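Here is the file protein.txt (compact mmCIF, C-alpha atoms and all ligand atoms).
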```
# COMPACT_ATOMS: atom_id res chain seq x y z
CA MET A 1 109.18 -81.91 -34.78
CA ARG A 2 109.35 -79.54 -37.70
CA GLU A 3 105.99 -80.83 -38.80
CA ASN A 4 104.30 -80.14 -35.53
CA ARG A 5 105.87 -76.77 -35.17
CA SER A 6 104.40 -75.76 -38.54
CA LEU A 7 101.03 -77.12 -37.57
CA GLY A 8 101.25 -75.16 -34.37
CA LYS A 9 101.87 -72.02 -36.38
CA VAL A 10 98.83 -72.57 -38.58
CA GLY A 11 96.71 -73.09 -35.51
CA PHE A 12 98.16 -69.95 -34.02
CA LEU A 13 97.51 -67.74 -37.02
CA ILE A 14 93.78 -68.25 -37.02
CA PRO A 15 93.04 -66.74 -33.60
CA THR A 16 95.57 -63.99 -34.32
CA CYS A 17 93.61 -63.01 -37.44
CA LEU A 18 90.34 -63.06 -35.56
CA LEU A 19 91.85 -60.94 -32.84
CA LEU A 20 93.22 -58.57 -35.42
CA GLN A 21 89.76 -58.09 -36.93
CA VAL A 22 88.19 -57.45 -33.54
CA LEU A 23 90.85 -54.93 -32.61
CA LEU A 24 90.64 -53.21 -35.99
CA VAL A 25 86.94 -52.79 -35.39
CA LEU A 26 87.83 -51.21 -32.08
CA GLY A 27 90.12 -48.93 -34.00
CA ASN A 28 93.39 -49.84 -32.32
CA PRO A 29 96.18 -48.52 -34.59
CA THR A 30 99.06 -50.47 -32.98
CA VAL A 31 97.81 -53.93 -33.86
CA SER A 32 99.52 -54.40 -37.19
CA GLN A 33 102.88 -53.50 -35.65
CA ASN A 34 102.49 -56.10 -32.97
CA SER A 35 101.24 -58.93 -35.13
CA SER A 36 104.63 -59.76 -36.66
CA GLU A 37 106.10 -59.91 -33.17
CA GLU A 38 103.37 -62.27 -32.12
CA GLU A 39 104.11 -64.63 -34.97
CA LYS A 40 107.62 -65.28 -33.69
CA LYS A 41 107.76 -68.60 -31.95
CA SER A 42 108.23 -68.38 -28.21
CA TYR A 43 110.45 -70.81 -26.32
CA ARG A 44 109.11 -69.65 -22.96
CA ASN A 45 109.89 -72.28 -20.31
CA TYR A 46 111.41 -74.69 -22.80
CA LYS A 47 114.26 -76.46 -21.04
CA VAL A 48 117.52 -77.96 -22.26
CA LEU A 49 118.38 -81.16 -20.42
CA ARG A 50 121.79 -82.78 -20.56
CA THR A 51 122.23 -86.51 -20.14
CA GLN A 52 125.17 -88.09 -18.42
CA PRO A 53 127.76 -89.46 -20.89
CA VAL A 54 126.30 -92.55 -22.54
CA ASP A 55 128.45 -95.65 -23.01
CA ASN A 56 125.77 -98.05 -24.15
CA LYS A 57 124.56 -98.49 -27.74
CA ASP A 58 121.01 -99.42 -26.69
CA VAL A 59 120.61 -96.25 -24.66
CA LEU A 60 122.05 -94.25 -27.54
CA ASP A 61 119.47 -95.72 -29.91
CA LYS A 62 116.68 -95.06 -27.44
CA LEU A 63 117.74 -91.42 -27.08
CA MET A 64 117.62 -91.06 -30.86
CA THR A 65 113.92 -91.98 -30.85
CA PHE A 66 113.27 -88.50 -29.41
CA ALA A 67 114.13 -87.19 -32.89
CA GLY A 68 110.59 -87.67 -34.15
CA VAL A 69 108.69 -86.54 -31.06
CA GLU A 70 106.66 -83.35 -31.07
CA ASP A 71 108.19 -80.44 -29.12
CA ILE A 72 111.38 -82.31 -28.32
CA SER A 73 114.58 -81.58 -30.21
CA PHE A 74 118.30 -82.11 -29.99
CA TRP A 75 120.65 -79.24 -29.39
CA LYS A 76 123.45 -81.76 -29.27
CA TYR A 77 122.95 -85.29 -30.61
CA PRO A 78 123.91 -88.20 -28.38
CA VAL A 79 127.33 -89.73 -29.05
CA MET A 80 129.13 -92.69 -27.54
CA ASN A 81 130.83 -91.64 -24.30
CA GLY A 82 129.39 -88.15 -24.66
CA SER A 83 126.33 -86.39 -23.38
CA ALA A 84 123.27 -85.24 -25.30
CA ASP A 85 121.53 -81.86 -24.95
CA ILE A 86 117.79 -82.22 -25.47
CA MET A 87 115.29 -79.37 -25.54
CA ALA A 88 111.74 -80.02 -24.37
CA SER A 89 108.66 -77.82 -24.29
CA PRO A 90 107.15 -77.17 -20.84
CA ASP A 91 104.60 -79.95 -21.23
CA LYS A 92 107.19 -82.47 -22.47
CA VAL A 93 109.80 -82.03 -19.74
CA ALA A 94 108.26 -84.58 -17.40
CA TYR A 95 107.91 -87.06 -20.27
CA VAL A 96 111.60 -86.74 -21.15
CA GLU A 97 112.70 -87.00 -17.52
CA GLU A 98 110.59 -90.13 -17.11
CA ALA A 99 112.16 -91.62 -20.25
CA PHE A 100 115.64 -90.88 -18.88
CA LYS A 101 114.71 -92.71 -15.70
CA ASP A 102 113.54 -95.73 -17.71
CA MET A 103 116.84 -95.75 -19.58
CA GLY A 104 118.70 -95.58 -16.30
CA ILE A 105 120.55 -92.37 -17.11
CA GLU A 106 121.10 -89.30 -15.00
CA HIS A 107 120.56 -85.81 -16.32
CA MET A 108 120.83 -82.16 -15.35
CA THR A 109 119.02 -79.04 -16.51
CA VAL A 110 121.44 -76.80 -18.41
CA ILE A 111 118.96 -74.17 -19.55
CA ASN A 112 115.86 -73.53 -17.48
CA ASP A 113 114.10 -71.10 -19.82
CA VAL A 114 115.32 -70.99 -23.43
CA GLU A 115 113.23 -67.90 -24.26
CA GLU A 116 114.80 -65.94 -21.42
CA LEU A 117 118.27 -66.60 -22.84
CA PHE A 118 117.10 -65.60 -26.33
CA GLN A 119 115.60 -62.37 -24.97
CA GLY A 120 118.95 -61.46 -23.45
CA GLN A 121 121.14 -62.78 -26.25
CA ASN A 122 121.29 -59.82 -28.56
CA PRO A 123 120.75 -56.44 -26.87
CA ASP A 124 121.23 -53.38 -29.07
CA VAL A 125 124.31 -51.81 -27.51
CA ASP A 126 125.83 -50.32 -30.66
CA ASP A 127 127.25 -46.86 -30.60
CA GLU A 128 127.17 -44.74 -33.75
CA TYR A 129 130.91 -44.14 -33.78
CA THR A 130 131.86 -47.83 -33.86
CA LEU A 131 129.28 -48.53 -36.53
CA LYS A 132 130.59 -45.73 -38.73
CA GLN A 133 134.18 -46.85 -38.26
CA ASN A 134 133.39 -50.43 -39.19
CA GLY A 135 130.99 -50.06 -42.09
CA GLY A 136 127.87 -50.68 -40.03
CA MET A 137 129.21 -53.61 -38.04
CA SER A 138 130.02 -53.63 -34.33
CA TRP A 139 130.45 -57.29 -33.39
CA SER A 140 128.84 -56.28 -30.11
CA ARG A 141 125.57 -57.70 -31.37
CA TYR A 142 124.47 -60.24 -33.98
CA HIS A 143 123.81 -58.40 -37.23
CA ARG A 144 121.09 -59.04 -39.78
CA TYR A 145 121.68 -60.30 -43.31
CA ASN A 146 121.29 -56.83 -44.85
CA GLU A 147 123.83 -55.29 -42.51
CA ILE A 148 126.38 -58.01 -43.25
CA ILE A 149 125.98 -57.77 -47.02
CA SER A 150 126.08 -53.99 -47.02
CA TYR A 151 129.21 -54.12 -44.84
CA ALA A 152 130.86 -56.46 -47.35
CA LYS A 153 129.91 -54.20 -50.26
CA GLN A 154 131.22 -51.13 -48.42
CA GLN A 155 134.55 -52.80 -47.76
CA ALA A 156 134.83 -53.59 -51.46
CA ALA A 157 134.05 -49.98 -52.37
CA ARG A 158 136.50 -48.55 -49.82
CA ASP A 159 139.47 -50.86 -50.05
CA GLY A 160 141.28 -51.86 -53.21
CA MET A 161 142.20 -55.18 -51.62
CA VAL A 162 138.59 -56.24 -51.27
CA SER A 163 136.10 -57.24 -53.92
CA TYR A 164 132.52 -58.45 -53.68
CA GLN A 165 130.38 -60.51 -55.99
CA SER A 166 127.06 -62.29 -55.85
CA ILE A 167 127.49 -66.01 -56.50
CA GLY A 168 123.83 -66.91 -56.53
CA THR A 169 120.34 -66.34 -55.24
CA SER A 170 118.51 -68.13 -52.46
CA THR A 171 115.05 -69.67 -52.68
CA GLU A 172 113.51 -66.46 -51.33
CA GLY A 173 115.57 -64.30 -53.67
CA ARG A 174 118.38 -63.14 -51.42
CA GLU A 175 121.85 -62.63 -52.83
CA ILE A 176 124.61 -64.95 -51.64
CA GLY A 177 127.72 -62.80 -51.36
CA LEU A 178 131.36 -63.76 -51.85
CA VAL A 179 134.15 -61.49 -50.64
CA LYS A 180 137.66 -61.77 -52.00
CA ILE A 181 140.61 -60.28 -50.14
CA SER A 182 143.72 -60.08 -52.24
CA ASP A 183 146.62 -57.64 -52.26
CA GLY A 184 146.85 -58.09 -55.99
CA THR A 185 150.43 -59.29 -56.19
CA GLY A 186 151.13 -62.53 -58.01
CA GLY A 187 148.49 -64.02 -60.24
CA ASN A 188 148.52 -67.52 -58.90
CA LYS A 189 148.60 -67.16 -55.17
CA PRO A 190 147.28 -70.03 -53.06
CA ALA A 191 143.90 -69.28 -51.52
CA ILE A 192 141.94 -70.06 -48.37
CA TRP A 193 138.17 -70.43 -48.43
CA MET A 194 135.98 -69.62 -45.41
CA ASP A 195 132.23 -69.84 -45.12
CA GLY A 196 129.65 -69.39 -42.37
CA GLY A 197 125.98 -69.64 -41.65
CA ILE A 198 125.21 -72.95 -43.35
CA HIS A 199 122.99 -73.68 -40.35
CA ALA A 200 120.66 -70.78 -39.73
CA ARG A 201 120.50 -70.76 -35.94
CA GLU A 202 124.27 -70.84 -35.40
CA TRP A 203 124.56 -67.06 -35.20
CA ILE A 204 128.10 -67.05 -33.88
CA SER A 205 129.28 -68.46 -37.22
CA PRO A 206 128.60 -65.46 -39.52
CA ALA A 207 129.64 -63.18 -36.65
CA THR A 208 133.01 -64.92 -36.38
CA VAL A 209 133.59 -65.16 -40.12
CA THR A 210 132.93 -61.43 -40.57
CA TYR A 211 135.15 -60.65 -37.57
CA ILE A 212 138.04 -62.58 -39.15
CA MET A 213 137.36 -60.92 -42.49
CA HIS A 214 137.46 -57.49 -40.86
CA LYS A 215 140.79 -58.20 -39.18
CA LEU A 216 142.33 -59.53 -42.37
CA ILE A 217 141.35 -56.29 -44.09
CA THR A 218 142.24 -53.82 -41.33
CA ASP A 219 144.77 -55.29 -38.90
CA ILE A 220 148.43 -54.93 -39.84
CA ASN A 221 149.32 -57.93 -37.64
CA TYR A 222 147.68 -60.19 -40.21
CA ARG A 223 149.05 -58.52 -43.32
CA ASP A 224 151.34 -61.50 -44.02
CA LEU A 225 148.25 -63.67 -44.41
CA VAL A 226 146.91 -61.41 -47.14
CA GLN A 227 150.33 -61.24 -48.79
CA ASN A 228 150.68 -65.01 -48.80
CA PHE A 229 147.11 -66.00 -49.62
CA ASP A 230 144.04 -64.81 -51.41
CA TRP A 231 140.97 -65.19 -49.18
CA TYR A 232 137.51 -66.14 -50.39
CA ILE A 233 134.80 -65.59 -47.81
CA VAL A 234 131.06 -66.31 -47.85
CA PRO A 235 129.75 -64.84 -44.57
CA ILE A 236 126.29 -66.49 -44.78
CA ILE A 237 125.35 -69.40 -47.01
CA ASN A 238 121.84 -70.13 -45.70
CA VAL A 239 120.65 -66.54 -46.05
CA ASP A 240 116.90 -67.29 -45.92
CA GLY A 241 117.22 -69.49 -42.87
CA TYR A 242 119.37 -66.89 -41.12
CA GLU A 243 116.72 -64.19 -41.58
CA TYR A 244 114.02 -66.60 -40.50
CA THR A 245 115.83 -67.13 -37.19
CA HIS A 246 115.67 -63.37 -36.64
CA THR A 247 112.01 -62.94 -37.56
CA ARG A 248 110.09 -66.15 -36.89
CA ASP A 249 111.89 -69.02 -35.22
CA ARG A 250 115.20 -68.53 -33.43
CA LEU A 251 115.99 -72.24 -33.66
CA TRP A 252 115.46 -72.78 -37.39
CA ARG A 253 118.34 -74.79 -38.85
CA LYS A 254 117.48 -75.69 -42.45
CA THR A 255 116.95 -73.79 -45.68
CA ARG A 256 113.51 -72.32 -46.44
CA ARG A 257 112.67 -74.17 -49.66
CA PRO A 258 109.26 -75.88 -49.45
CA ASN A 259 109.22 -79.64 -49.92
CA GLN A 260 106.75 -81.12 -52.37
CA GLY A 261 104.05 -83.32 -50.93
CA THR A 262 104.52 -82.15 -47.35
CA HIS A 263 104.09 -78.98 -45.35
CA CYS A 264 107.54 -79.49 -43.78
CA VAL A 265 109.84 -76.78 -45.07
CA GLY A 266 113.57 -76.87 -45.64
CA THR A 267 116.59 -79.06 -46.22
CA ASP A 268 119.63 -79.44 -43.99
CA PRO A 269 122.17 -77.62 -46.16
CA ASN A 270 125.00 -79.50 -44.51
CA ARG A 271 123.64 -82.87 -45.66
CA ASN A 272 122.95 -81.69 -49.19
CA TRP A 273 126.43 -81.69 -50.79
CA GLY A 274 127.21 -84.04 -53.65
CA PHE A 275 129.82 -86.27 -52.08
CA LYS A 276 128.65 -89.50 -50.37
CA TRP A 277 125.23 -87.84 -50.31
CA GLY A 278 122.57 -89.93 -48.55
CA GLY A 279 124.96 -91.71 -46.21
CA PRO A 280 124.79 -92.08 -42.42
CA GLY A 281 123.69 -89.16 -40.26
CA SER A 282 121.33 -87.76 -42.88
CA SER A 283 117.59 -88.24 -43.09
CA GLY A 284 115.27 -88.91 -46.01
CA ASN A 285 112.35 -87.42 -44.09
CA PRO A 286 111.61 -83.79 -45.05
CA CYS A 287 110.19 -83.17 -41.59
CA GLU A 288 113.47 -83.94 -39.84
CA GLN A 289 116.26 -81.52 -38.94
CA THR A 290 118.86 -83.49 -40.92
CA TYR A 291 116.81 -83.90 -44.11
CA ARG A 292 119.31 -84.25 -46.94
CA GLY A 293 117.03 -82.89 -49.67
CA PRO A 294 115.57 -84.76 -52.66
CA LYS A 295 118.95 -84.90 -54.44
CA PRO A 296 122.49 -83.57 -54.06
CA PHE A 297 122.62 -79.78 -54.39
CA SER A 298 118.85 -79.48 -54.50
CA GLU A 299 119.27 -76.21 -52.60
CA PRO A 300 120.27 -73.12 -54.61
CA GLU A 301 122.46 -72.02 -51.70
CA THR A 302 124.69 -75.12 -51.55
CA SER A 303 124.82 -75.34 -55.32
CA ALA A 304 125.94 -71.70 -55.64
CA VAL A 305 128.72 -72.14 -53.11
CA ALA A 306 129.88 -75.43 -54.64
CA ASN A 307 130.13 -73.81 -58.08
CA ALA A 308 132.10 -70.90 -56.66
CA VAL A 309 134.51 -73.28 -54.95
CA LEU A 310 134.88 -75.46 -58.06
CA ALA A 311 135.70 -72.46 -60.21
CA ARG A 312 138.69 -71.82 -57.91
CA ARG A 313 139.54 -75.38 -56.93
CA ASN A 314 143.12 -75.26 -58.21
CA GLN A 315 143.84 -72.12 -56.23
CA ILE A 316 142.15 -73.07 -52.94
CA LYS A 317 144.47 -74.95 -50.60
CA MET A 318 142.35 -74.90 -47.46
CA TYR A 319 138.60 -75.02 -46.87
CA LEU A 320 137.23 -73.77 -43.53
CA THR A 321 133.57 -73.90 -42.59
CA PHE A 322 132.14 -72.56 -39.36
CA HIS A 323 129.37 -74.03 -37.23
CA SER A 324 128.37 -74.06 -33.57
CA TYR A 325 128.41 -75.33 -30.91
CA SER A 326 130.77 -77.77 -29.10
CA GLN A 327 134.31 -76.33 -29.56
CA LEU A 328 135.64 -78.85 -32.04
CA TRP A 329 138.19 -78.68 -34.83
CA LEU A 330 136.90 -81.42 -37.10
CA LEU A 331 138.98 -83.31 -39.66
CA PRO A 332 137.75 -85.41 -42.59
CA TRP A 333 135.97 -87.65 -43.06
CA SER A 334 132.55 -87.00 -41.64
CA TYR A 335 130.71 -89.70 -43.62
CA THR A 336 132.87 -92.62 -42.47
CA ARG A 337 135.02 -93.72 -39.58
CA GLN A 338 137.79 -94.49 -42.06
CA ARG A 339 140.60 -91.98 -42.01
CA PRO A 340 141.94 -90.38 -45.18
CA SER A 341 145.53 -91.38 -45.98
CA ASP A 342 146.78 -87.87 -45.14
CA TYR A 343 144.95 -87.76 -41.81
CA SER A 344 148.05 -87.16 -39.69
CA GLU A 345 149.06 -84.17 -41.83
CA LEU A 346 145.58 -82.68 -41.51
CA GLN A 347 145.66 -83.36 -37.80
CA ARG A 348 149.05 -81.63 -37.49
CA LEU A 349 147.67 -78.36 -38.87
CA GLY A 350 144.42 -78.73 -36.93
CA LEU A 351 146.33 -79.10 -33.66
CA ILE A 352 148.40 -76.01 -34.45
CA GLY A 353 145.17 -74.06 -34.92
CA ALA A 354 143.46 -75.40 -31.82
CA ARG A 355 146.53 -74.68 -29.70
CA ALA A 356 146.76 -71.07 -30.90
CA LEU A 357 143.04 -70.68 -30.33
CA ALA A 358 143.28 -71.99 -26.77
CA SER A 359 146.27 -69.79 -25.96
CA THR A 360 144.14 -66.68 -26.52
CA TYR A 361 141.51 -67.04 -23.77
CA GLY A 362 141.91 -70.64 -22.68
CA THR A 363 139.04 -71.93 -24.83
CA ARG A 364 139.75 -75.59 -25.41
CA TYR A 365 138.87 -77.40 -28.62
CA ARG A 366 138.98 -81.11 -29.32
CA VAL A 367 140.64 -82.09 -32.60
CA GLY A 368 139.55 -85.18 -34.53
CA SER A 369 137.20 -86.57 -37.13
CA ALA A 370 133.45 -86.16 -36.73
CA PRO A 371 132.67 -89.87 -36.27
CA GLU A 372 135.39 -90.12 -33.62
CA ILE A 373 134.38 -87.14 -31.50
CA LEU A 374 130.90 -86.20 -32.73
CA TYR A 375 128.89 -88.42 -35.06
CA GLU A 376 128.90 -89.59 -38.66
CA ALA A 377 127.27 -87.11 -41.00
CA ALA A 378 127.27 -87.61 -44.77
CA GLY A 379 126.65 -84.89 -47.32
CA GLY A 380 128.54 -82.13 -45.52
CA SER A 381 130.53 -79.36 -47.16
CA ASP A 382 133.81 -80.38 -45.54
CA ASP A 383 133.77 -83.87 -47.06
CA TRP A 384 132.73 -82.47 -50.42
CA ALA A 385 135.55 -79.91 -50.39
CA LYS A 386 138.11 -82.65 -49.89
CA GLY A 387 136.49 -85.57 -51.69
CA ALA A 388 134.98 -83.83 -54.70
CA ALA A 389 136.75 -80.48 -55.06
CA GLY A 390 140.12 -81.99 -54.13
CA ILE A 391 141.04 -79.44 -51.46
CA LYS A 392 143.48 -81.28 -49.23
CA TYR A 393 143.06 -79.29 -46.02
CA SER A 394 139.36 -79.24 -45.15
CA TYR A 395 138.11 -78.41 -41.67
CA THR A 396 134.85 -77.80 -39.87
CA LEU A 397 135.04 -75.65 -36.76
CA GLU A 398 132.32 -75.98 -34.16
CA LEU A 399 132.61 -72.69 -32.29
CA ARG A 400 131.68 -71.72 -28.71
CA ASP A 401 130.42 -72.84 -26.34
CA THR A 402 130.06 -76.36 -24.93
CA GLY A 403 126.40 -75.91 -24.06
CA THR A 404 126.07 -73.40 -21.22
CA TYR A 405 124.29 -71.16 -23.71
CA GLY A 406 124.50 -73.30 -26.83
CA PHE A 407 122.70 -71.53 -29.69
CA ALA A 408 121.84 -68.71 -27.26
CA LEU A 409 125.50 -67.66 -26.94
CA PRO A 410 125.31 -64.02 -25.78
CA ALA A 411 126.44 -61.31 -28.18
CA ARG A 412 128.94 -60.11 -25.58
CA GLN A 413 130.99 -63.24 -26.45
CA ILE A 414 131.28 -62.40 -30.16
CA THR A 415 134.55 -60.46 -30.09
CA ALA A 416 136.31 -62.96 -27.84
CA THR A 417 135.11 -65.83 -30.02
CA GLY A 418 136.16 -63.92 -33.13
CA GLU A 419 139.57 -63.07 -31.72
CA GLU A 420 140.48 -66.57 -30.57
CA THR A 421 139.19 -68.13 -33.78
CA LEU A 422 141.14 -65.60 -35.84
CA ARG A 423 144.31 -66.60 -34.02
CA GLY A 424 143.58 -70.27 -34.60
CA VAL A 425 142.93 -69.71 -38.29
CA ALA A 426 146.00 -67.48 -38.60
CA ALA A 427 148.27 -70.09 -36.99
CA THR A 428 146.95 -72.80 -39.27
CA ALA A 429 147.27 -70.58 -42.35
CA ARG A 430 150.88 -69.72 -41.45
CA ALA A 431 151.68 -73.39 -40.97
CA LEU A 432 150.07 -74.11 -44.32
CA HIS A 433 152.13 -71.40 -45.98
CA LYS A 434 155.30 -72.96 -44.60
CA THR A 435 154.21 -76.40 -45.73
CA LEU A 436 153.37 -75.26 -49.26
CA ASN A 437 156.72 -73.47 -49.58
CA THR A 438 158.68 -76.46 -48.34
CA ALA A 439 156.83 -78.75 -50.71
CA SER A 440 157.44 -76.57 -53.76
CA GLY A 441 160.95 -75.51 -52.73
ZN ZN B 501 125.96 -76.50 -37.92
```
Mind converting the file's structure to structure tokens?
Amino acid sequence: MRENRSLGKVGFLIPTCLLLQVLLVLGNPTVSQNSSEEEKKSYRNYKVLRTQPVDNKDVLDKLMTFAGVEDISFWKYPVMNGSADIMASPDKVAYVEEAFKDMGIEHMTVINDVEELFQGQNPDVDDEYTLKQNGGMSWSRYHRYNEIISYAKQQAARDGMVSYQSIGTSTEGREIGLVKISDGTGGNKPAIWMDGGIHAREWISPATVTYIMHKLITDINYRDLVQNFDWYIVPIINVDGYEYTHTRDRLWRKTRRPNQGTHCVGTDPNRNWGFKWGGPGSSGNPCEQTYRGPKPFSEPETSAVANAVLARRNQIKMYLTFHSYSQLWLLPWSYTRQRPSDYSELQRLGLIGARALASTYGTRYRVGSAPEILYEAAGGSDDWAKGAAGIKYSYTLELRDTGTYGFALPARQITATGEETLRGVAATARALHKTLNTASG
């Protein structure tokens, strides 16, 4: 899929250049402004189709064969007793529907025109006052990388509790920023790590992580969390991919590092971590969405974050990483169906979080391990945090929604998503604080 999309782009550039020349000859001054717009991939009339829940291994395997087909891609992979969300280009819709019929499964259309949802996803509704108040952020739209980093730096400059450092540089030279929130009391306070934006197209992730960060800094109701923990926050890990989703391809998922010997770009940064790397749910094919990379930590982005976590591994008691979509609070392990020996303890805190989250606006999350409620996926950051860095409480949150909008979740849902997730995280952190005190007392 990736492969064909790139080929499509090459084919697209040639006529654009010719057109550009012709128009330049005609002396049209607006052409160069428009050309970058034109290069952004359009998902006009692409549809997202949802299968009925599948309870048959053969059908599941057949659905997976769509993974390599041009202009067809998964928004949600098929799982046993769950449905799959599959996006198809206008000329592939009939093909997919026919294939469903052959497999004997029903389906419905969840999104009729993906581009239309993207066009309406992120309207600029900011007012100057809010932006000024909040260091350039509004959470009423999805912000760009530069806005997020400059917000983080401003907070550090304004507030003695906040510090900012660069922990590394991406393939394209962007800084990967780490924010620390600490009230400065006590040298050896337990810490909580949060990161977002591993997958580029999951815009609600950095939006939610920065929302939580903002509340921890500014909202007195969460002051106990800053008194009891230090917080380490990386708002966007996959910084190149994130920008690429704003400028070229809204549905880009991977990093932007070229792969040798192929024109397929990028590695899945959540299959690239050095614990059980190469296991199930990861691909060795650079053209696939779940390509694990040529070796563990081949990506400068994952390697930078891993080093930053390792440097603080004795202090960090909980690792939280944010993805979308599906509304899941995932527990280790992701690489195997086997449960860790402390599974019930991790589940206890996960349930506390999910309950607090749901009590905010009624948004329901399922709590469990990835293989049990999603699918096996080796090489993820959550498994690495627990298995390699030794952080006992490691969770992946799959944020809103359950597929009505999917990756096109409208910006008007950012604050509600941020608020409910904040309450879930706060409840879990408070339960963790209690647990740590009981254990040491
Ligand atoms: Zn993700």
Problem set entry | Residue contacts of A:Gln227 (10 Å, all atoms listed in the file) excluding same-chain residues fewer than 4 positions away, as number ranges by chain | A: 181-186, 189, 222-223
Keeping only C-alpha atoms, write the selected residues as a short mmCIF file (atom, residue, chain, number, x, y, z; two decimals), in the coordinates of the input.
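After the write, out_16.cif holds the following:
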```
data_model
loop_
_atom_site.label_atom_id
_atom_site.label_comp_id
_atom_site.auth_asym_id
_atom_site.auth_seq_id
_atom_site.Cartn_x
_atom_site.Cartn_y
_atom_site.Cartn_z
CA ILE A 181 140.61 -60.28 -50.14
CA SER A 182 143.72 -60.08 -52.24
CA ASP A 183 146.62 -57.64 -52.26
CA GLY A 184 146.85 -58.09 -55.99
CA THR A 185 150.43 -59.29 -56.19
CA GLY A 186 151.13 -62.53 -58.01
CA LYS A 189 148.60 -67.16 -55.17
CA TYR A 222 147.68 -60.19 -40.21
CA ARG A 223 149.05 -58.52 -43.32
#
```
Exercise. Out of A:Ala354, A:Ala408, A:Met213, A:Ile167, which residue has the shortest atom-to-atom distance to A:Ala306 when counting all atoms listed in the file?
Worked result: A:Ile167
Exercise. Neighbours of stretch 125-135 of chain A within 9 Å (all atoms listed in the file; same-chain residues fewer than 2 positions away dropped), as number ranges by chain?
Worked result: A: 122-123, 137-141, 147, 150-152, 154-155, 214
Need the axis-aligned box for stretch 220-231 of chain A with 3 Å each side, so what are the centre and edges in Å to one decimal, as AutoDock Vina command-line options?
```
--center_x 146.2 --center_y -60.5 --center_z -44.5 --size_x 16.4 --size_y 17.1 --size_z 19.8
```
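Residues within 6 Å of stretch 286-293 of chain A, counting all atoms listed in the file and excluding same-chain residues fewer than 2 positions away, are Arg2, Glu3, Cys264, Thr267, Asp268, Arg271, Asn272, Ser282, Ser283, Gly284 and Lys295 of chain A.
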Exercise. In file coordinates, which residues lie within 10 Å of (123.6, -94.8, -24.9) using all atoms listed in the file, given as a ChimeraX atom specification?
Worked result: /A:51-64,78-84,103-105
For this session: Pick out the residues sitting within 9 Å of A:Glu97, and hand them over as a VMD selection string; count all atoms listed in the file, and ignore anything fewer than 4 positions along from it in its own chain.
Result: chain A and resid 49 92 to 93 101 to 102 107
Problem set entry | Distance filter 12 Å around ligand ZN 501 (chain B), atoms: only C-alpha atoms and all ligand atoms, out as an MDAnalysis selection string | chainID A and resid 75:77 195:206 237:238 251:254 268:271 289:290 321:328 377 380:382 396:400 406:407
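Across A:Leu117, A:Val209, A:Ile352, A:Ile111, the tightest approach to A:Ile148 is made by A:Val209 when counting only C-alpha atoms.
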Exercise. What is the atom CA of A:Arg423 to atom CA of A:Ala439 distance in Å?
Worked result: 24.1 Å
Problem set entry | Atomic distance atom CA of A:Arg366 - atom CA of A:Leu331, expressed in Å with one decimal |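 So the two atoms, atom CA of A:Arg366 and atom CA of A:Leu331, lie 10.6 Å apart.
Take atom CA of A:Thr65 and atom CA of A:Gly274: the distance between them is 27.6 Å.
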Exercise. For A:Arg355, which residue among A:Gly387, A:Val425, A:Trp333, A:Leu374 is the nearest when counting all atoms listed in the file?
Worked result: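 Of the candidates, the smallest distance to A:Arg355 is held by A:Val425.
The shortest atom-to-atom distance to A:Ala191, with only C-alpha atoms taken into account, belongs to A:Gln315 out of A:Gln315, A:Gln165, A:Ser303, A:Thr210.
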Problem set entry | Selection near A:Lys276, 8 Å with all atoms listed in the file, sequence-local residues under 3 positions removed, as number ranges by chain | A: 279, 335, 378-379
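In this comparison, which uses all atoms listed in the file, the residue of A:Thr171, A:Asn314, A:Thr109, A:Ser334 approaching A:Ile373 most closely is A:Ser334.
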For this session: Kindly indicate which residue among A:Ile414, A:Phe229, A:Arg364, A:Phe74 lies nearest to A:Leu436, using only C-alpha atoms for the distances.
Result: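 The closest residue to A:Leu436 is A:Phe229.
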